[in-house]
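What follows is a short report on a single structure.
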Amino acid sequence: MALHEQLGRLDAARELRDFKAEPAQMRAAGPGKVGELRLGFSLRNGRSILHDLYRVAPLLVQQALYWDEAMPELPICSIISIGGGILQGDRYKIDISVGEGACAHVTSQSANRVHQMDANYASQHQTVTLESGSYLEYLPDFTIPYRDSRFINQTDIIIADGATLLYGEMMLAGRKHHHADERFGLDLLSVAVAVRRPGGRKLFAEKILIEKGDSSVDYPAVMQGYDAFANIMCVTPPTVAARIKERFETNFPAEAPRAISGVCRLPNDAGLMLRAVGMETYDVRREVRRFWQIVREEARGRTLPQEFLWR
Amino acid sequence: MAAGGKAKGSGPSGMVHLARLLQFSDSTLPIGSFAFSNGLESALQTGVVTNPESLLKYVDLILRQTARMDGIALLHAHRAAVVGDYEAILEADSELFCRRVGEEQQMMLTRVGKKFAELVLKIMPSPMLERWLDDIKANATAGCLPIGQALALAHMGVDEVEAFVMHQYGIASMILSAALRLMRIDHLDTQRILFTAQGRVEGDYLAVRDLSLDEMASFAPVFDVLVAHHTTTHVRLFMN
């Protein structure tokens, strides 16, 4: 089976050059190792629905549910990985599209655990497409790269003028309470995102690259004293972005903060970026939720439901 | 011969070239960089930088990050300028700009870039730099500083290694001159820090010289929050 074009391109990434060995278990990108997920949301009779669903294990979505009490019209899909995490040799491909005027929320069932590796790597390519007037919250749970793991992820976003997307990555430095070597003990974490207009004009791009032995990880201006961080972008029209920025209060207390956060503008009037850093996942999650609530209120006139006790 | 009178070797024929390298590296070059601290003002207010040791780490990190972002764009623009490929120059400009988060970081990059182009054109003619400045004024390109530097320096016959060093030096000296005005530190300490921090430039060049524009990357989450922090502070001396 030929690998998908974008996944094939990721295979050629320079940072993967030292990780080409075949696993002793199932071969890389073999049957059962290539997960695929396609979700299409659209408006039908005034209601947003999941009209298109295609999935290949280990990725799984069952159906859209409407359980958000503060936004009952919102179809919600939870991505399940039946493999219990990302293993060496895994290749994932996720496509999400939201049609004109529709809304959707996509999340994941639990933390995205990238397991320890002794051969090869895992890769993921995502495409997110938003048509005009649509609204998508794509907020996967924390990614936890175990020690010696290698994970590369590329997300290509195509968003029409007037649509709003809330998308981001939350990362934990490793299983911090499990082993002393877990904190940034990963071999490679490469996470890139690019945002374009339907015509191809690039608005924003970013790549986070962490490689083993990078001594700057423990610098005060990088991650000293913290183990979790989040980069959450809100791609939205400038008027909405201005209202959100006005409301979001920077959090950077001088005395022993558990978490710090702030919002600044993306280039080319693309929208905003929330940067948050914290000690534990829940510290960062609180900052993300604060931003998320303002985004939803300003972009859609809805607020967030009460948080579940078990999240 | 190029406008800078470039001639390699240690003989007197390279002296004008060296003199002009020094001129364009001078921290008093009037391009407005005195107004920017590259996040240092917020780093001091929040306790990320508190003393000479943490200032050295801060400068070291910014140099590492700048090499892996702006440095890559500078090398691509320099190579494009050498072969006269104007489209590739515009590409390097827009690829760098679309990776710059934070309104003040964007302003530092483009305001100083435009001023630099205007200054150079007052000193010497450079058709490609002039075309680039016209495109900035017409909003057809962003106008990032490393691109302007690459254009001017390539025109003067400065090679890419020298251009890279000059760019990195400019960033370090900008932060350290801001440090003198922001924290309890004397000129001797800042010179010691500058001397130490410059030791990394060769390793940085070797790490990025073969990378494509798509490979511009960074990792500094606390710095990223500092960038956002500065846009909302009320008491401040610097524009970023």
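Just remember, in the structure tokens the first chain shown is A, the second B, etc., residues are 1-based per chain, and ligands are 1-based in the order shown.
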Margin query: Please identify all residues of chain A having at least one atom at most 8 Å from any atom of chain B, considering only C-alpha atoms, and return them as a PyMOL selection string.
Written below: chain A and resi 202-210+216-217+219-223+229+250-254+260-268+273+275-277
Margin query: So that I can check the surroundings of A:Ser97, please list as a PyMOL selection string every protein, DNA and RNA residue that reaches within 6 Å of it, counting only C-alpha atoms and ignoring chain neighbours fewer than 4 positions away.
Written below: chain A and resi 40+128-130
Note to self: List the spatial neighbours of A:Arg243 as a PyMOL selection string - criterion: any atom at most 10 Å away, only C-alpha atoms, same-chain residues fewer than 3 positions off excluded.
What the structure shows: chain A and resi 238-240+246-248+294-295+298-299
Output N, CA and C atoms for every residue in that selection, as a PDB file, in the first residue's frame.
ATOM      1  N   PRO A 238     -10.161  40.083  11.911  1.00  0.00           N
ATOM      2  CA  PRO A 238      -9.510  41.065  12.793  1.00  0.00           C
ATOM      3  C   PRO A 238     -10.438  41.702  13.828  1.00  0.00           C
ATOM      4  N   THR A 239     -11.689  41.949  13.486  1.00  0.00           N
ATOM      5  CA  THR A 239     -12.584  42.607  14.456  1.00  0.00           C
ATOM      6  C   THR A 239     -12.843  41.680  15.646  1.00  0.00           C
ATOM      7  N   VAL A 240     -13.039  40.390  15.372  1.00  0.00           N
ATOM      8  CA  VAL A 240     -13.261  39.426  16.450  1.00  0.00           C
ATOM      9  C   VAL A 240     -11.980  39.288  17.276  1.00  0.00           C
ATOM     10  N   GLU A 246      -8.692  42.186  23.705  1.00  0.00           N
ATOM     11  CA  GLU A 246      -9.078  43.189  24.697  1.00  0.00           C
ATOM     12  C   GLU A 246      -9.501  42.523  26.016  1.00  0.00           C
ATOM     13  N   ARG A 247     -10.181  41.395  25.914  1.00  0.00           N
ATOM     14  CA  ARG A 247     -10.731  40.757  27.117  1.00  0.00           C
ATOM     15  C   ARG A 247      -9.751  39.835  27.831  1.00  0.00           C
ATOM     16  N   PHE A 248      -8.787  39.278  27.115  1.00  0.00           N
ATOM     17  CA  PHE A 248      -7.909  38.294  27.746  1.00  0.00           C
ATOM     18  C   PHE A 248      -6.836  38.991  28.572  1.00  0.00           C
ATOM     19  N   ILE A 294     -13.509  32.904  26.031  1.00  0.00           N
ATOM     20  CA  ILE A 294     -13.622  34.240  25.419  1.00  0.00           C
ATOM     21  C   ILE A 294     -13.793  34.097  23.902  1.00  0.00           C
ATOM     22  N   VAL A 295     -13.038  33.164  23.311  1.00  0.00           N
ATOM     23  CA  VAL A 295     -13.132  32.965  21.865  1.00  0.00           C
ATOM     24  C   VAL A 295     -14.551  32.566  21.486  1.00  0.00           C
ATOM     25  N   GLU A 298     -17.017  35.503  21.891  1.00  0.00           N
ATOM     26  CA  GLU A 298     -16.879  36.586  20.911  1.00  0.00           C
ATOM     27  C   GLU A 298     -17.150  36.129  19.486  1.00  0.00           C
ATOM     28  N   ALA A 299     -16.815  34.884  19.181  1.00  0.00           N
ATOM     29  CA  ALA A 299     -16.971  34.418  17.799  1.00  0.00           C
ATOM     30  C   ALA A 299     -18.371  33.872  17.544  1.00  0.00           C
TER      31      ALA A 299
END
Next item on the list: Step one, run DSSP on the backbone; step two, keep only residues of stretch 4-194 of chain A assigned to strand (DSSP E); then write them as a ChimeraX atom specification.
Entry: /A:34-44,47-56,59-60,76-81,91-98,103-108,112-114,122-130,135-139,143-145,150-159,164-172,188-194
Check: So, counting only C-alpha atoms, which residue among B:Gly14, B:Gly143, B:Gly71, B:Pro52 is closest to B:Asp189?
Finding: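 When distances to B:Asp189 are compared using only C-alpha atoms, the smallest one comes from B:Pro52.
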Check: as an MDAnalysis selection string, which residues of stretch 27-256 of chain A does DSSP assign to alpha helix (DSSP H)?
Finding: chainID A and resid 238:247
Next item on the list: Would you list the contacts of A:Gly83 as a list in words, taking every protein, DNA or RNA residue within 10 Å and counting only C-alpha atoms, but skipping same-chain residues closer than 4 positions in sequence?
Entry: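 The residues that qualify are Gly32, Lys33, Gly35, Ala57, Pro58, Leu59, Leu87 and Asp90 of chain A.
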Margin query: With only C-alpha atoms as the counted atoms, please give the residues lying no more than 12 Å from A:Ala24, apart from itself and same-chain residues fewer than 6 positions off, as a list in words.
Written below: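 Contacts, in chain order: Gln88, Gly89, Met117, Asp118, Ala119 and Asn120 of chain A.
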Note to self: Set the distance at 7 Å and use only C-alpha atoms: which residues neighbour B:Ala154 once local chain neighbours fewer than 6 positions away are removed? I'd like the list as a VMD selection string.
What the structure shows: chain B and resid 78 81 to 82
Next item on the list: Quick one: everything within 12 Å of A:Ile96, counting only C-alpha atoms, minus sequence neighbours fewer than 6 positions away in the same chain. Send it as a VMD selection string.
Entry: chain A and resid 36 to 42 50 to 55 61 77 79 103 to 107 125 to 131 136 to 138 155 to 159 165 167
